[in-house]
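Down below is the structure, laid out as structure tokens.
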Amino acid sequence: MTNIIMHGCNGKMGHVISRLAAADPDVRIVAGIDPNTTAAFGYPVYPTPQDCAQAGVQADVVIDFSIAKAVPALLAFAAQTRIPVVVCTTGLDQAQIQLVQDTAKDTAVLFSANMSLGVNLLVNLVQKAAGVLTGAGFDIEIVEKHHNQKVDAPSGTALYIADSINQALPEHYAYAYDRSKERAKRPVKEIGIHAVRGGTIVGEHDVIFAGQDEILQISHTALSKDIFAVGAVNAAKFLNGKAAGLYNMGHVIG
Ligand SMILES: NC(=O)c1ccc[n+]([C@@H]2O[C@H](COP(=O)([O-])OP(=O)(O)OC[C@H]3O[C@@H](n4cnc5c(N)ncnc54)[C@H](O)[C@@H]3O)[C@@H](O)[C@H]2O)c1
Ligand SMILES: O=C(O)C1=N[C@H](C(=O)O)CCC1
């Protein structure tokens with residue numbers, strides 16, 4: 001059994017995870033943390049991590065789907081209590097990402113901008129493609145599309161894909177988010193990253209390799225938020241009892 005604290009429990013992802021956890025005999029949500037303290041799924045909800053600690057809640061893992069500015073207080077709670085934490089919130093700035101890395105010295109932290117199996121496989125595929133195709137002069141562009149409620153842009157997944165491509169290449173490719181200010185041809189060592197927002201689009205990522213007279217496109221489409229929730233619950237089960245350190249979905253998927 002993995003006992004979970006759900007951070008951001010009254011958000012869209014918090015509700016999906018609460019629904020899936022209720023049907024999974026191997027996990028139990030023992031508490032939620034959210035400024036909206038509505039107890040919609042039978043477990044108690046505390047407004048802050050400190051309130052949760054003061055209530056004496058015992059848990060094996062925290063799952064976080066909240067907002068970037070809430071993540072530092074959660075990481076302080078995880079470091080203090082030594083409870084492992086699955087950080088799924090996107091839009092973190094460099095200082096917040098550094099805090100994630102620092103917290104992993106005190107407890108187990110799994111940090112991933114996308115918990116789905118498909119995107120984590122896509123990352124492996126685009127690394128391979130980039131290694132071959134940039135050598136042949138192909139340009140790389142990433143287009144991501146999400147619902148109109150999303151607050152961060154570009155998506156954490158688009159940045160994760162771009163960072164992974166850079167890790168696979170011998171030279172650094174800069175990121176271009178907006179070409180409207182420049183009157184110049186596209187540099188070769190550049191990854192264009194473009195965000196579309198509208199309606200209820202769950203999440204789409206197209207990685208376009210455009211060369212002379214040919215295009216290779218590798219795409220992932222999320223058809224429901226359940227894919228992220230399933231990945232997060234699997235990550236929580238994986239992290240239960242793990243030593244301090246920084247983990248990613250590659251460790252879970254194997
Ligand atoms: N890694 C992934 O696979 C993945 C998948 C989906 C969404 N996300 C990310 O997860 C985050 C949440 O997504 P969502 O669609 O559920 O958003 P949402 O806006 O529906 O929910 C966010 C929740 O966080 C709560 N919150 C606000 N301040 C808080 C605080 N200080 N402490 C605790 N909770 C607080 C809000 O009240 C709300 O209930 C976003 O950053 C999103 O990009 C990641
Ligand atoms: O719905 C969201 O918000 C999502 N956020 C993540 C991102 O920013 O990449 C993952 C996909 C869904």
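Every chain in the structure tokens takes a letter, A first, then B, and so on in the order presented; its residues are numbered from 1, and the ligands are numbered from 1 following the presented order.
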ask   = Which neighbours of Ala174 in chain A fall inside 12 Å, counting only C-alpha atoms, when residues of the same chain fewer than 2 positions from it are skipped, and could you give them as a list in words?
value = Ile140, Glu141, Leu159, Ala162, Asp163, Ile165, Asn166, Leu169, Glu171, His172, Ala176, Tyr177, Arg186, Pro187, Val188, Lys189, Glu190, Ile191, Gly192 and Ile193 of chain A
Residues within 7 Å of ligand 2, counting only C-alpha atoms and all ligand atoms, as a compact mmCIF listing (two decimals) with C-alpha atoms, in the first residue's frame:
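Done, and the output landed in result18.txt:
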```txt
# COMPACT_ATOMS: atom_id res chain seq x y z
CA THR A 90 5.21 22.79 -14.93
CA ALA A 113 6.93 17.60 -17.07
CA ASN A 114 5.01 14.73 -18.63
CA HIS A 146 -3.19 22.79 -24.94
CA HIS A 147 -6.53 23.86 -23.45
CA LYS A 150 -3.31 26.42 -19.09
CA ASP A 152 2.28 28.37 -18.54
CA SER A 155 4.45 23.61 -22.09
CA GLY A 156 6.83 21.91 -19.72
CA THR A 157 6.78 18.98 -22.12
CA ALA A 158 7.94 21.11 -25.08
CA VAL A 202 -5.75 17.88 -23.59
CA GLY A 203 -2.22 18.07 -24.99
```
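When only C-alpha atoms and all ligand atoms are used to measure the gap to ligand 1, the shortest distance among A:Val71, A:Ala184, A:Met115, A:Val233 belongs to A:Met115.
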key: Within-7 Å residues of ligand 1, basis only C-alpha atoms and all ligand atoms, as a ChimeraX atom specification   = /A:7-14,33-36,47-48,65-70,88-91,112-116,150,152,155-156,225,228
message = When DSSP is applied to the backbone of this structure, which of range 83-254 of chain A are assigned alpha helix (DSSP H)? Write them out as a ChimeraX atom specification.
response = /A:94-103,117-133,156-168,226-239,249-253
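For the pair CA of Gln58 in chain A and CA of Asn3 in chain A, the separation is 7.9 Å.
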Give the strand (DSSP E or B) residues of range 68-124 of chain A, as assigned by DSSP on the backbone, as a compact mmCIF listing (two decimals) with C-alpha atoms, in the first residue's frame.
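Once written, states-v7.txt looks like this:
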```txt
# COMPACT_ATOMS: atom_id res chain seq x y z
CA VAL A 85 7.62 13.71 -3.73
CA VAL A 86 6.48 13.36 -7.35
CA VAL A 87 6.66 16.89 -8.84
CA ALA A 108 13.52 11.01 -3.16
CA VAL A 109 12.18 13.43 -5.79
CA LEU A 110 10.74 12.43 -9.16
CA PHE A 111 10.43 15.44 -11.46
```
Determine, counting only C-alpha atoms, which protein, DNA and RNA residues have an atom within 12 Å of an atom of Gln80 in chain A; residues of the same chain fewer than 2 positions away are not included. Present the result as a PDB file with C-alpha atoms, in the first residue's frame.
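Output contents, as saved in selection.pdb:
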```pdb
ATOM      1  CA  PRO A  49       1.863  21.735   3.811  1.00  0.00           C
ATOM      2  CA  GLN A  50       2.491  23.156   7.311  1.00  0.00           C
ATOM      3  CA  ALA A  53       2.252  18.420   9.042  1.00  0.00           C
ATOM      4  CA  ALA A  73       6.852  25.333   0.265  1.00  0.00           C
ATOM      5  CA  LEU A  74       6.026  21.761  -0.713  1.00  0.00           C
ATOM      6  CA  LEU A  75       9.716  20.974  -1.277  1.00  0.00           C
ATOM      7  CA  ALA A  76      10.588  22.423   2.156  1.00  0.00           C
ATOM      8  CA  PHE A  77       7.903  20.137   3.662  1.00  0.00           C
ATOM      9  CA  ALA A  78       9.298  17.113   1.773  1.00  0.00           C
ATOM     10  CA  ARG A  82      11.780  13.130   4.285  1.00  0.00           C
ATOM     11  CA  ILE A  83       8.577  12.132   2.431  1.00  0.00           C
ATOM     12  CA  PRO A  84       9.347  11.393  -1.261  1.00  0.00           C
ATOM     13  CA  VAL A  85       7.619  13.708  -3.729  1.00  0.00           C
ATOM     14  CA  THR A 103      15.587  18.719  -2.183  1.00  0.00           C
ATOM     15  CA  ALA A 104      16.649  15.489  -3.877  1.00  0.00           C
ATOM     16  CA  LYS A 105      19.690  15.482  -1.547  1.00  0.00           C
ATOM     17  CA  ASP A 106      17.312  15.059   1.416  1.00  0.00           C
ATOM     18  CA  THR A 107      14.561  12.835   0.017  1.00  0.00           C
TER      19      THR A 107
END
```
